[in-house]
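K.L.:
The structure file protein_37.cif (mmCIF, C-alpha atoms and all ligand atoms) is provided below.
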data_my_file
loop_
_atom_site.label_atom_id
_atom_site.label_comp_id
_atom_site.auth_asym_id
_atom_site.auth_seq_id
_atom_site.Cartn_x
_atom_site.Cartn_y
_atom_site.Cartn_z
CA MET G 238 -212.25 -154.60 -64.03
CA GLY G 239 -214.43 -152.87 -61.47
CA GLN G 240 -215.09 -149.15 -61.25
CA LEU G 241 -212.56 -147.09 -63.24
CA SER G 242 -211.46 -143.61 -62.14
CA ASN G 243 -212.34 -140.76 -64.53
CA ARG G 244 -208.70 -140.52 -65.49
CA SER G 245 -208.49 -144.22 -66.38
CA LYS G 246 -211.77 -143.99 -68.31
CA ARG G 247 -210.44 -141.06 -70.35
CA GLU G 248 -207.21 -142.94 -71.12
CA GLN G 249 -209.17 -146.02 -72.12
CA GLU G 250 -211.43 -144.03 -74.44
CA ILE G 251 -208.53 -142.23 -76.10
CA TYR G 252 -206.41 -145.35 -76.65
CA ASP G 253 -209.44 -147.33 -77.88
CA ILE G 254 -209.77 -144.69 -80.62
CA GLY G 255 -205.99 -144.29 -81.08
CA LEU G 256 -203.62 -141.32 -80.99
CA ASP G 257 -202.28 -139.65 -84.11
CA ARG G 258 -198.59 -140.51 -83.76
CA GLN G 259 -197.52 -140.77 -87.42
CA ILE G 260 -195.48 -137.55 -87.56
CA TRP G 261 -194.16 -138.20 -84.08
CA LYS G 262 -192.95 -141.68 -85.11
CA LYS G 263 -191.24 -140.34 -88.24
CA PHE G 264 -189.29 -137.66 -86.39
CA PHE G 265 -188.42 -139.92 -83.48
CA ARG G 266 -187.32 -142.96 -85.40
CA ASN G 267 -183.60 -142.55 -84.50
CA GLN G 268 -184.19 -141.92 -80.81
CA GLY G 269 -183.24 -144.15 -77.98
CA HIS G 270 -180.97 -146.75 -79.61
CA PHE G 271 -177.97 -146.59 -77.28
CA GLU G 272 -179.89 -146.12 -74.05
CA ASN G 273 -182.09 -148.98 -75.15
CA GLN G 274 -179.03 -151.24 -75.37
CA ARG G 275 -178.20 -150.28 -71.79
CA ARG G 276 -181.75 -151.02 -70.62
CA LEU G 277 -181.72 -154.34 -72.46
CA GLU G 278 -178.61 -155.30 -70.54
CA ILE G 279 -180.54 -155.05 -67.25
CA PHE G 280 -183.27 -157.29 -68.70
CA ARG G 281 -180.74 -159.77 -70.08
CA LYS G 282 -179.04 -160.19 -66.70
CA PHE G 283 -182.29 -160.59 -64.79
CA LEU G 284 -183.80 -162.96 -67.36
CA ASP G 285 -180.78 -165.23 -67.44
CA VAL G 286 -182.56 -167.47 -64.94
CA GLU G 287 -185.28 -169.90 -65.98
CA ASN G 288 -188.98 -169.29 -65.20
CA ARG G 289 -189.13 -165.63 -64.30
CA GLU G 290 -192.65 -164.28 -63.80
CA VAL G 291 -192.78 -161.02 -65.76
CA LEU G 292 -195.53 -158.39 -65.84
CA GLU G 293 -195.62 -155.61 -68.41
CA ILE G 294 -198.04 -152.80 -67.64
CA GLY G 295 -199.56 -150.53 -70.26
CA GLY G 296 -197.70 -152.03 -73.08
CA SER G 297 -196.49 -154.03 -75.94
CA MET G 298 -192.73 -154.20 -75.46
CA SER G 299 -192.42 -157.72 -74.01
CA LYS G 300 -191.42 -159.13 -77.38
CA ALA G 301 -188.27 -157.03 -77.67
CA TYR G 302 -187.45 -156.95 -73.98
CA VAL G 303 -188.29 -160.47 -72.86
CA TYR G 304 -188.71 -162.94 -75.73
CA ASP G 305 -186.04 -161.57 -78.08
CA ASN G 306 -183.70 -160.99 -75.20
CA SER G 307 -183.51 -164.29 -73.38
CA ASN G 308 -183.34 -167.91 -74.45
CA LYS G 309 -184.78 -169.06 -71.14
CA LYS G 310 -188.44 -169.88 -70.58
CA HIS G 311 -190.46 -167.23 -68.74
CA SER G 312 -194.09 -166.56 -67.96
CA VAL G 313 -195.14 -163.17 -69.31
CA THR G 314 -198.32 -161.22 -68.60
CA CYS G 315 -199.18 -157.99 -70.37
CA ILE G 316 -201.94 -155.71 -69.10
CA ASN G 317 -203.47 -152.62 -70.65
CA ILE G 318 -206.58 -150.57 -69.99
CA SER G 319 -207.34 -150.40 -73.73
CA ASP G 320 -208.75 -153.28 -75.75
CA LYS G 321 -207.38 -151.82 -78.94
CA GLU G 322 -203.84 -151.50 -77.55
CA LEU G 323 -204.01 -155.14 -76.43
CA ALA G 324 -205.30 -156.29 -79.82
CA GLU G 325 -202.54 -154.39 -81.63
CA SER G 326 -199.88 -155.77 -79.28
CA LYS G 327 -201.03 -159.35 -79.90
CA ARG G 328 -200.17 -159.03 -83.57
CA ASP G 329 -196.47 -158.58 -82.80
CA TYR G 330 -196.05 -162.01 -81.25
CA SER G 331 -195.53 -165.43 -82.76
CA ARG G 332 -197.85 -168.27 -81.73
CA SER G 333 -195.21 -169.88 -79.54
CA GLN G 334 -194.39 -166.66 -77.74
CA GLN G 335 -197.64 -165.16 -76.52
CA PRO G 336 -197.90 -163.32 -73.23
CA LEU G 337 -201.10 -163.64 -71.30
CA PHE G 338 -202.94 -160.46 -72.34
CA ILE G 339 -205.41 -159.08 -69.79
CA GLN G 340 -207.44 -155.90 -69.87
CA MET G 341 -206.75 -154.37 -66.46
CA ASP G 342 -206.30 -151.03 -64.71
CA ALA G 343 -202.72 -150.57 -63.49
CA HIS G 344 -204.05 -148.67 -60.46
CA LYS G 345 -205.63 -151.85 -59.17
CA LEU G 346 -203.68 -154.94 -60.16
CA ASP G 347 -205.75 -158.08 -59.89
CA PHE G 348 -202.85 -160.31 -58.81
CA ASP G 349 -201.82 -161.78 -55.47
CA ASP G 350 -199.03 -160.23 -53.43
CA SER G 351 -195.53 -161.31 -54.50
CA SER G 352 -196.62 -162.69 -57.89
CA PHE G 353 -193.87 -161.33 -60.16
CA ASP G 354 -190.07 -161.28 -60.32
CA MET G 355 -190.08 -158.37 -62.73
CA VAL G 356 -192.56 -155.60 -63.53
CA PHE G 357 -191.94 -153.09 -66.26
CA GLY G 358 -193.70 -150.34 -68.18
CA PHE G 359 -192.54 -147.72 -70.66
CA GLY G 360 -194.05 -144.28 -71.10
CA MET G 361 -197.10 -145.11 -69.02
CA LEU G 362 -196.59 -144.13 -65.37
CA HIS G 363 -196.91 -140.47 -66.33
CA HIS G 364 -200.42 -141.24 -67.67
CA LEU G 365 -201.52 -142.51 -64.25
CA ASP G 366 -201.69 -141.75 -60.59
CA TYR G 367 -198.15 -143.11 -60.42
CA GLU G 368 -197.99 -143.30 -56.60
CA LYS G 369 -201.02 -145.55 -56.47
CA THR G 370 -199.64 -147.69 -59.31
CA LEU G 371 -196.22 -147.99 -57.72
CA PHE G 372 -197.73 -149.18 -54.42
CA GLU G 373 -199.52 -151.86 -56.42
CA VAL G 374 -196.32 -152.72 -58.27
CA ASN G 375 -194.50 -153.04 -54.96
CA ARG G 376 -197.25 -155.29 -53.64
CA VAL G 377 -197.19 -157.72 -56.58
CA LEU G 378 -193.38 -157.82 -56.79
CA LYS G 379 -191.65 -160.70 -55.06
CA PRO G 380 -188.93 -159.86 -52.53
CA GLY G 381 -185.71 -159.55 -54.53
CA GLY G 382 -187.75 -158.52 -57.58
CA ILE G 383 -187.08 -155.62 -59.91
CA ALA G 384 -189.28 -152.94 -61.50
CA ILE G 385 -188.18 -150.87 -64.50
CA PHE G 386 -189.89 -147.83 -65.96
CA LYS G 387 -188.97 -145.31 -68.62
CA GLU G 388 -190.67 -141.93 -68.40
CA PRO G 389 -190.41 -138.49 -70.05
CA LEU G 390 -189.21 -135.46 -68.04
CA ASP G 391 -190.87 -132.08 -68.28
CA GLU G 392 -188.04 -129.51 -68.51
CA ASN G 393 -186.21 -130.44 -71.71
CA PRO G 394 -186.67 -127.39 -73.97
CA VAL G 395 -186.72 -129.37 -77.25
CA ALA G 396 -189.28 -131.80 -75.82
CA GLN G 397 -191.39 -128.87 -74.67
CA LEU G 398 -191.37 -127.49 -78.22
CA VAL G 399 -192.23 -130.91 -79.69
CA ARG G 400 -195.09 -131.31 -77.20
CA PHE G 401 -196.40 -127.88 -78.15
CA LEU G 402 -196.27 -128.75 -81.89
CA THR G 403 -197.82 -132.23 -81.63
CA PRO G 404 -200.79 -132.01 -79.20
CA LYS G 405 -202.65 -134.84 -80.99
CA ALA G 406 -199.89 -137.28 -80.13
CA ARG G 407 -200.72 -136.95 -76.43
CA THR G 408 -203.57 -137.54 -74.00
CA HIS G 409 -205.08 -134.86 -71.79
CA ASP G 410 -203.98 -136.58 -68.58
CA GLU G 411 -200.36 -137.33 -69.23
CA ILE G 412 -197.90 -135.21 -67.27
CA PRO G 413 -194.17 -135.68 -67.88
CA PHE G 414 -192.30 -136.27 -64.62
CA ARG G 415 -191.01 -133.33 -62.64
CA ARG G 416 -188.13 -133.30 -60.21
CA HIS G 417 -190.41 -133.66 -57.20
CA ASP G 418 -192.01 -136.80 -58.73
CA LEU G 419 -188.59 -138.43 -58.81
CA GLU G 420 -187.92 -137.37 -55.22
CA LYS G 421 -191.25 -138.86 -54.19
CA ILE G 422 -190.37 -142.21 -55.81
CA LYS G 423 -187.10 -142.20 -53.89
CA ASP G 424 -189.08 -141.58 -50.70
CA ILE G 425 -191.38 -144.55 -51.39
CA PHE G 426 -188.67 -147.09 -52.22
CA SER G 427 -185.36 -147.62 -50.49
CA ASN G 428 -183.49 -148.85 -53.56
CA VAL G 429 -184.05 -146.65 -56.63
CA GLU G 430 -181.58 -145.95 -59.43
CA LEU G 431 -182.25 -143.18 -61.95
CA GLN G 432 -180.62 -143.05 -65.36
CA PHE G 433 -181.02 -139.79 -67.25
CA ASP G 434 -181.00 -139.83 -71.06
CA GLN G 435 -181.35 -137.61 -74.11
CA LEU G 436 -180.04 -134.13 -73.46
CA LEU G 437 -177.72 -133.74 -76.50
CA THR G 438 -178.83 -137.04 -78.03
CA PHE G 439 -182.40 -135.82 -78.40
CA PRO G 440 -181.79 -132.96 -80.88
CA ILE G 441 -178.98 -134.87 -82.61
CA ALA G 442 -181.16 -137.94 -83.22
CA LEU G 443 -184.15 -135.74 -84.10
CA ILE G 444 -182.23 -133.90 -86.85
CA SER G 445 -180.46 -137.04 -88.12
CA GLY G 446 -183.88 -138.78 -88.28
CA LEU G 447 -184.97 -136.27 -90.95
CA PHE G 448 -182.26 -137.45 -93.33
CA ILE G 449 -181.16 -140.96 -92.45
CA ARG G 450 -182.78 -144.09 -91.10
CA ASP G 451 -179.85 -145.25 -89.05
CA LYS G 452 -180.00 -145.18 -85.26
CA ASP G 453 -176.53 -146.61 -84.80
CA THR G 454 -174.45 -143.65 -86.03
CA LYS G 455 -171.29 -142.05 -84.67
CA PHE G 456 -172.98 -138.65 -84.15
CA ILE G 457 -175.64 -140.15 -81.95
CA LYS G 458 -173.10 -142.27 -80.09
CA VAL G 459 -170.98 -139.16 -79.36
CA GLY G 460 -174.12 -137.39 -78.06
CA PHE G 461 -174.97 -140.42 -75.91
CA ASN G 462 -171.45 -140.55 -74.41
CA MET G 463 -171.50 -136.82 -73.72
CA ASP G 464 -174.92 -137.14 -72.08
CA ASN G 465 -173.51 -139.81 -69.77
CA LEU G 466 -170.65 -137.51 -68.77
CA ILE G 467 -172.98 -134.56 -68.21
CA SER G 468 -175.35 -136.62 -66.10
CA ARG G 469 -172.46 -137.94 -64.03
CA TYR G 470 -170.39 -134.79 -63.50
CA LEU G 471 -172.97 -131.99 -63.81
CA PRO G 472 -175.95 -133.39 -61.86
CA PHE G 473 -177.69 -129.99 -61.69
CA LEU G 474 -178.32 -130.40 -65.45
CA ARG G 475 -180.17 -133.72 -65.08
CA ARG G 476 -183.49 -131.90 -64.86
CA TYR G 477 -183.07 -130.81 -68.50
CA PHE G 478 -182.70 -134.34 -69.85
CA ARG G 479 -185.64 -135.63 -71.83
CA GLN G 480 -186.07 -139.00 -70.26
CA VAL G 481 -185.43 -141.04 -67.16
CA THR G 482 -185.17 -144.79 -66.60
CA ILE G 483 -186.24 -145.77 -63.09
CA VAL G 484 -184.93 -149.04 -61.69
CA ILE G 485 -186.49 -150.14 -58.39
CA LYS G 486 -185.14 -153.14 -56.50
CA LYS G 487 -187.29 -154.69 -53.82
CA GLU G 488 -185.32 -155.91 -50.82
CA ALA G 489 -184.94 -159.68 -50.59
CA GLU G 490 -186.42 -161.07 -47.35
C1 LIG T 1 -197.79 -143.73 -74.20
S1 LIG T 1 -198.55 -145.32 -74.28
C2 LIG T 1 -197.13 -146.37 -74.07
C3 LIG T 1 -197.31 -147.70 -74.73
C4 LIG T 1 -196.06 -148.64 -74.70
N1 LIG T 1 -195.67 -148.91 -73.33
C5 LIG T 1 -194.94 -148.04 -75.46
O1 LIG T 1 -193.86 -147.80 -74.86
O2 LIG T 1 -195.08 -147.84 -76.67
C6 LIG T 1 -199.41 -145.46 -72.71
C7 LIG T 1 -200.12 -146.80 -72.54
O3 LIG T 1 -200.66 -146.87 -71.22
C8 LIG T 1 -201.95 -147.47 -71.29
N2 LIG T 1 -202.70 -147.06 -70.10
C9 LIG T 1 -203.16 -145.83 -69.80
N3 LIG T 1 -203.79 -145.84 -68.61
C10 LIG T 1 -203.71 -147.12 -68.14
C11 LIG T 1 -204.19 -147.77 -66.95
N4 LIG T 1 -204.86 -147.09 -66.00
N5 LIG T 1 -203.91 -149.09 -66.80
C12 LIG T 1 -203.25 -149.79 -67.75
N6 LIG T 1 -202.79 -149.23 -68.89
C13 LIG T 1 -203.01 -147.91 -69.08
C14 LIG T 1 -202.53 -146.92 -72.60
O4 LIG T 1 -203.61 -147.68 -73.09
C15 LIG T 1 -201.29 -146.98 -73.51
O5 LIG T 1 -201.17 -148.24 -74.13
#
Represent the structure from my file as structure tokens, please.
Ligand SMILES: C[S@@+](CC[C@H](N)C(=O)[O-])C[C@H]1O[C@@H](n2cnc3c(N)ncnc32)[C@H](O)[C@@H]1O
P.N.:
Amino acid sequence: MGQLSNRSKREQEIYDIGLDRQIWKKFFRNQGHFENQRRLEIFRKFLDVENREVLEIGGSMSKAYVYDNSNKKHSVTCINISDKELAESKRDYSRSQQPLFIQMDAHKLDFDDSSFDMVFGFGMLHHLDYEKTLFEVNRVLKPGGIAIFKEPLDENPVAQLVRFLTPKARTHDEIPFRRHDLEKIKDIFSNVELQFDQLLTFPIALISGLFIRDKDTKFIKVGFNMDNLISRYLPFLRRYFRQVTIVIKKEAE
């Protein structure tokens, strides 16, 4: 893998030991259902063509997002800095649907230019030097390719409280995205779409998660619809949402 930066080494060490996310998982179990459906729709459309080359960075979500979401054949590669994260991810896949798992630093992707049609990563850019990583992502993406990321934002008051109460669920180096990070991404790429999620949905799903194990409820759906309206008509409130999905399209040549 070559020489790792101190930041990457720290991330590797922490994820090789493992974070304490049990309480976090319990409280958050009802989060994200409706926005996830919307994200899946982007994947479904893009993967409706045979033989896409897909790269997942820092993760383990290819099963749900690629294999369970398309009946076409694709080539999937999944990289992570942590051996343990890779080993745990492998367990989720059937024998016939195995990505190529490679231990690799996302800051320095060991792939040729224009290797992938799609690159995605969830909750990981904010652990990294995201500018460096995004330049690498842009390099390995084919013209006409798409990159999708989901990242936390830093100004949501409920998320700030949760972060304060659950320090063991986080690494030292992760920094939720601020407004200027999003502006910077828009400066780097000419075609960026941002989708803001979880302003009202976040507390609603958090409270409902204490009592019921159902993500697909009317309360949460109402919150989700209201969040969409707020994001659309009151853009000055977007900074207070908990999460952003970043969709980058690379110009076709
Ligand atoms: C918050 S976890 C997100 C995991 C998964 N994407 C998910 O949504 O559950 C961050 C992941 O990024 C990985 N990671 C951190 N630094 C990395 C780096 N420099 N290169 C590749 N992966 C990295 C960690 O090992 C960890 O698996």
K.L.:
Considering only C-alpha atoms, state which residue in the set G:Ile316, G:Ala324, G:Leu362, G:Leu256 is at the smallest distance from G:Phe348.
P.N.:
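Ranking G:Ile316, G:Ala324, G:Leu362, G:Leu256 by distance to G:Phe348, first place goes to G:Ile316.
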K.L.:
How far is it from atom CA of G:Val303 to atom CA of G:Lys262, in Å with one decimal?
P.N.:
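Atom-to-atom, atom CA of G:Val303 and atom CA of G:Lys262 are spaced 22.9 Å apart.
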K.L.:
Smallest atom-to-atom distance to G:Leu378: which of G:Arg289, G:Arg247, G:Arg479, G:His363, using all atoms listed in the file?
P.N.:
G:Arg289
K.L.:
Which one is closest to G:Leu284: G:Phe433, G:Phe401, G:Tyr304, G:Tyr470? Count all atoms listed in the file.
P.N.:
G:Tyr304
K.L.:
Mind pulling up the distance from atom CA of G:Asp257 to atom CA of G:Ile318?
P.N.:
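Separation of atom CA of G:Ile318 and atom CA of G:Asp257: 18.4 Å.
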K.L.:
Of the residues G:Thr370, G:Ser468, G:Gln397, G:Gln480, which is the one nearest to G:Gln435, using only C-alpha atoms?
P.N.:
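Smallest separation from G:Gln435 among the options: G:Gln480.
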K.L.:
Would you pick out the contacts of G:Gln268 at 10 Å or less, using all atoms listed in the file, so that residues sharing its chain but fewer than 6 positions from it are not included, and give the list as a PDB file with C-alpha atoms, in the frame of the given file?
P.N.:
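Listing of out32.pdb after writing:
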ATOM      1  CA  LYS G 262    -192.950-141.680 -85.110  1.00  0.00           C
ATOM      2  CA  GLN G 435    -181.350-137.610 -74.110  1.00  0.00           C
ATOM      3  CA  THR G 438    -178.830-137.040 -78.030  1.00  0.00           C
ATOM      4  CA  PHE G 439    -182.400-135.820 -78.400  1.00  0.00           C
ATOM      5  CA  PRO G 440    -181.790-132.960 -80.880  1.00  0.00           C
ATOM      6  CA  ILE G 441    -178.980-134.870 -82.610  1.00  0.00           C
ATOM      7  CA  ALA G 442    -181.160-137.940 -83.220  1.00  0.00           C
ATOM      8  CA  LEU G 443    -184.150-135.740 -84.100  1.00  0.00           C
ATOM      9  CA  SER G 445    -180.460-137.040 -88.120  1.00  0.00           C
ATOM     10  CA  GLY G 446    -183.880-138.780 -88.280  1.00  0.00           C
ATOM     11  CA  ASP G 451    -179.850-145.250 -89.050  1.00  0.00           C
ATOM     12  CA  LYS G 452    -180.000-145.180 -85.260  1.00  0.00           C
ATOM     13  CA  ASP G 453    -176.530-146.610 -84.800  1.00  0.00           C
ATOM     14  CA  ILE G 457    -175.640-140.150 -81.950  1.00  0.00           C
TER      15      ILE G 457
END
K.L.:
Using only C-alpha atoms, can you tell me which of G:Leu390, G:Gly296, G:Thr482, G:Ile260 comes closest to G:Leu277?
P.N.:
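Of all the options, G:Thr482 lies closest to G:Leu277.
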K.L.:
Using atom CA of G:Lys423 and atom CA of G:Ile279 as the two end points, give the distance in Å to one decimal.
P.N.:
19.7 Å
K.L.:
List all protein, DNA and RNA residues that have at least one atom no more than 8 Å from any atom of ligand LIG 1 (chain T), counting all atoms listed in the file, and write them as a ChimeraX atom specification.
P.N.:
/G:244-246,248-249,251-253,294-298,316-319,322-323,340-344,358-362,364-365,407
K.L.:
For G:Glu278, which residue among G:Lys387, G:Gly382, G:Ser307, G:Ile485 is the nearest when counting only C-alpha atoms?
P.N.:
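That would be G:Ser307, the residue with the smallest distance to G:Glu278.
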K.L.:
G:Lys327: which residues within 10 Å, counting only C-alpha atoms, same-chain residues fewer than 6 positions away excluded, as a list of chain:residue names?
P.N.:
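Near neighbours after the sequence-gap exclusion: G:Ser297, G:Lys300, G:Cys315, G:Lys321, G:Gln335, G:Pro336, G:Leu337, G:Phe338.
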K.L.:
Do a neighbour search on G:Asp347 at 12 Å with only C-alpha atoms, toss out local chain neighbours closer than 6 positions, and write the hits as a VMD selection string.
P.N.:
chain G and resid 238 to 239 292 314 316 339 to 341 373 to 374 376 to 377
K.L.:
Residues proximal to (-188.3, -135.7, -60.0) were defined as those with any atom within 12 Å of that point in the file's coordinates, counting only C-alpha atoms. Which are they, as a PDB file with C-alpha atoms, keeping the file's coordinate frame?
P.N.:
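And here is the file that came out, part-v1.pdb:
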ATOM      1  CA  HIS G 363    -196.910-140.470 -66.330  1.00  0.00           C
ATOM      2  CA  GLU G 388    -190.670-141.930 -68.400  1.00  0.00           C
ATOM      3  CA  PRO G 389    -190.410-138.490 -70.050  1.00  0.00           C
ATOM      4  CA  LEU G 390    -189.210-135.460 -68.040  1.00  0.00           C
ATOM      5  CA  ASP G 391    -190.870-132.080 -68.280  1.00  0.00           C
ATOM      6  CA  GLU G 392    -188.040-129.510 -68.510  1.00  0.00           C
ATOM      7  CA  PRO G 413    -194.170-135.680 -67.880  1.00  0.00           C
ATOM      8  CA  PHE G 414    -192.300-136.270 -64.620  1.00  0.00           C
ATOM      9  CA  ARG G 415    -191.010-133.330 -62.640  1.00  0.00           C
ATOM     10  CA  ARG G 416    -188.130-133.300 -60.210  1.00  0.00           C
ATOM     11  CA  HIS G 417    -190.410-133.660 -57.200  1.00  0.00           C
ATOM     12  CA  ASP G 418    -192.010-136.800 -58.730  1.00  0.00           C
ATOM     13  CA  LEU G 419    -188.590-138.430 -58.810  1.00  0.00           C
ATOM     14  CA  GLU G 420    -187.920-137.370 -55.220  1.00  0.00           C
ATOM     15  CA  LYS G 421    -191.250-138.860 -54.190  1.00  0.00           C
ATOM     16  CA  ILE G 422    -190.370-142.210 -55.810  1.00  0.00           C
ATOM     17  CA  LYS G 423    -187.100-142.200 -53.890  1.00  0.00           C
ATOM     18  CA  ASP G 424    -189.080-141.580 -50.700  1.00  0.00           C
ATOM     19  CA  LEU G 431    -182.250-143.180 -61.950  1.00  0.00           C
ATOM     20  CA  GLN G 432    -180.620-143.050 -65.360  1.00  0.00           C
ATOM     21  CA  PHE G 433    -181.020-139.790 -67.250  1.00  0.00           C
ATOM     22  CA  ARG G 475    -180.170-133.720 -65.080  1.00  0.00           C
ATOM     23  CA  ARG G 476    -183.490-131.900 -64.860  1.00  0.00           C
ATOM     24  CA  TYR G 477    -183.070-130.810 -68.500  1.00  0.00           C
ATOM     25  CA  PHE G 478    -182.700-134.340 -69.850  1.00  0.00           C
ATOM     26  CA  GLN G 480    -186.070-139.000 -70.260  1.00  0.00           C
ATOM     27  CA  VAL G 481    -185.430-141.040 -67.160  1.00  0.00           C
ATOM     28  CA  THR G 482    -185.170-144.790 -66.600  1.00  0.00           C
ATOM     29  CA  ILE G 483    -186.240-145.770 -63.090  1.00  0.00           C
TER      30      ILE G 483
END
K.L.:
Write out as JSON an axis-aligned box for stretch 244-251 of chain G: all of its atoms listed in the file, 8 Å added on each side, centre and edge lengths in Å with one decimal.
P.N.:
{"center_x": -209.5, "center_y": -143.3, "center_z": -70.8, "size_x": 20.6, "size_y": 21.5, "size_z": 26.6}
K.L.:
If I only have part of stretch 429-449 of chain G, can you fill in N, CA and C atoms and write it as a PDB file, in the frame of the given file?
P.N.:
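Result saved to out-v9.pdb:
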ATOM      1  N   VAL G 429    -183.639-147.175 -55.318  1.00  0.00           N
ATOM      2  CA  VAL G 429    -184.050-146.650 -56.630  1.00  0.00           C
ATOM      3  C   VAL G 429    -182.816-146.112 -57.346  1.00  0.00           C
ATOM      4  N   GLU G 430    -182.653-146.520 -58.602  1.00  0.00           N
ATOM      5  CA  GLU G 430    -181.580-145.950 -59.430  1.00  0.00           C
ATOM      6  C   GLU G 430    -182.225-145.176 -60.562  1.00  0.00           C
ATOM      7  N   LEU G 431    -181.705-143.979 -60.839  1.00  0.00           N
ATOM      8  CA  LEU G 431    -182.250-143.180 -61.950  1.00  0.00           C
ATOM      9  C   LEU G 431    -181.172-143.023 -63.007  1.00  0.00           C
ATOM     10  N   GLN G 432    -181.550-143.250 -64.241  1.00  0.00           N
ATOM     11  CA  GLN G 432    -180.620-143.050 -65.360  1.00  0.00           C
ATOM     12  C   GLN G 432    -181.208-141.994 -66.289  1.00  0.00           C
ATOM     13  N   PHE G 433    -180.485-140.889 -66.443  1.00  0.00           N
ATOM     14  CA  PHE G 433    -181.020-139.790 -67.250  1.00  0.00           C
ATOM     15  C   PHE G 433    -180.504-139.894 -68.683  1.00  0.00           C
ATOM     16  N   ASP G 434    -181.390-139.700 -69.656  1.00  0.00           N
ATOM     17  CA  ASP G 434    -181.000-139.830 -71.060  1.00  0.00           C
ATOM     18  C   ASP G 434    -181.557-138.701 -71.909  1.00  0.00           C
ATOM     19  N   GLN G 435    -180.860-138.483 -73.039  1.00  0.00           N
ATOM     20  CA  GLN G 435    -181.350-137.610 -74.110  1.00  0.00           C
ATOM     21  C   GLN G 435    -181.358-136.119 -73.765  1.00  0.00           C
ATOM     22  N   LEU G 436    -180.166-135.592 -73.511  1.00  0.00           N
ATOM     23  CA  LEU G 436    -180.040-134.130 -73.460  1.00  0.00           C
ATOM     24  C   LEU G 436    -179.526-133.707 -74.849  1.00  0.00           C
ATOM     25  N   LEU G 437    -178.251-134.040 -75.156  1.00  0.00           N
ATOM     26  CA  LEU G 437    -177.720-133.740 -76.500  1.00  0.00           C
ATOM     27  C   LEU G 437    -178.233-134.747 -77.519  1.00  0.00           C
ATOM     28  N   THR G 438    -178.408-135.987 -77.085  1.00  0.00           N
ATOM     29  CA  THR G 438    -178.830-137.040 -78.030  1.00  0.00           C
ATOM     30  C   THR G 438    -180.180-136.722 -78.659  1.00  0.00           C
ATOM     31  N   PHE G 439    -181.037-136.064 -77.894  1.00  0.00           N
ATOM     32  CA  PHE G 439    -182.400-135.820 -78.400  1.00  0.00           C
ATOM     33  C   PHE G 439    -182.392-134.953 -79.669  1.00  0.00           C
ATOM     34  N   PRO G 440    -181.796-133.729 -79.625  1.00  0.00           N
ATOM     35  CA  PRO G 440    -181.790-132.960 -80.880  1.00  0.00           C
ATOM     36  C   PRO G 440    -180.948-133.589 -81.975  1.00  0.00           C
ATOM     37  N   ILE G 441    -179.835-134.251 -81.582  1.00  0.00           N
ATOM     38  CA  ILE G 441    -178.980-134.870 -82.610  1.00  0.00           C
ATOM     39  C   ILE G 441    -179.758-135.959 -83.351  1.00  0.00           C
ATOM     40  N   ALA G 442    -180.417-136.830 -82.594  1.00  0.00           N
ATOM     41  CA  ALA G 442    -181.160-137.940 -83.220  1.00  0.00           C
ATOM     42  C   ALA G 442    -182.388-137.410 -83.969  1.00  0.00           C
ATOM     43  N   LEU G 443    -182.960-136.330 -83.453  1.00  0.00           N
ATOM     44  CA  LEU G 443    -184.150-135.740 -84.100  1.00  0.00           C
ATOM     45  C   LEU G 443    -183.770-135.215 -85.503  1.00  0.00           C
ATOM     46  N   ILE G 444    -182.652-134.468 -85.562  1.00  0.00           N
ATOM     47  CA  ILE G 444    -182.230-133.900 -86.850  1.00  0.00           C
ATOM     48  C   ILE G 444    -181.755-135.019 -87.787  1.00  0.00           C
ATOM     49  N   SER G 445    -180.971-135.968 -87.246  1.00  0.00           N
ATOM     50  CA  SER G 445    -180.460-137.040 -88.120  1.00  0.00           C
ATOM     51  C   SER G 445    -181.635-137.874 -88.671  1.00  0.00           C
ATOM     52  N   GLY G 446    -182.716-137.998 -87.861  1.00  0.00           N
ATOM     53  CA  GLY G 446    -183.880-138.780 -88.280  1.00  0.00           C
ATOM     54  C   GLY G 446    -184.583-138.194 -89.506  1.00  0.00           C
ATOM     55  N   LEU G 447    -184.346-136.895 -89.769  1.00  0.00           N
ATOM     56  CA  LEU G 447    -184.970-136.270 -90.950  1.00  0.00           C
ATOM     57  C   LEU G 447    -184.303-136.735 -92.231  1.00  0.00           C
ATOM     58  N   PHE G 448    -183.025-137.134 -92.120  1.00  0.00           N
ATOM     59  CA  PHE G 448    -182.260-137.450 -93.330  1.00  0.00           C
ATOM     60  C   PHE G 448    -181.875-138.910 -93.465  1.00  0.00           C
ATOM     61  N   ILE G 449    -181.603-139.562 -92.350  1.00  0.00           N
ATOM     62  CA  ILE G 449    -181.160-140.960 -92.450  1.00  0.00           C
ATOM     63  C   ILE G 449    -181.970-141.862 -91.521  1.00  0.00           C
TER      64      ILE G 449
END
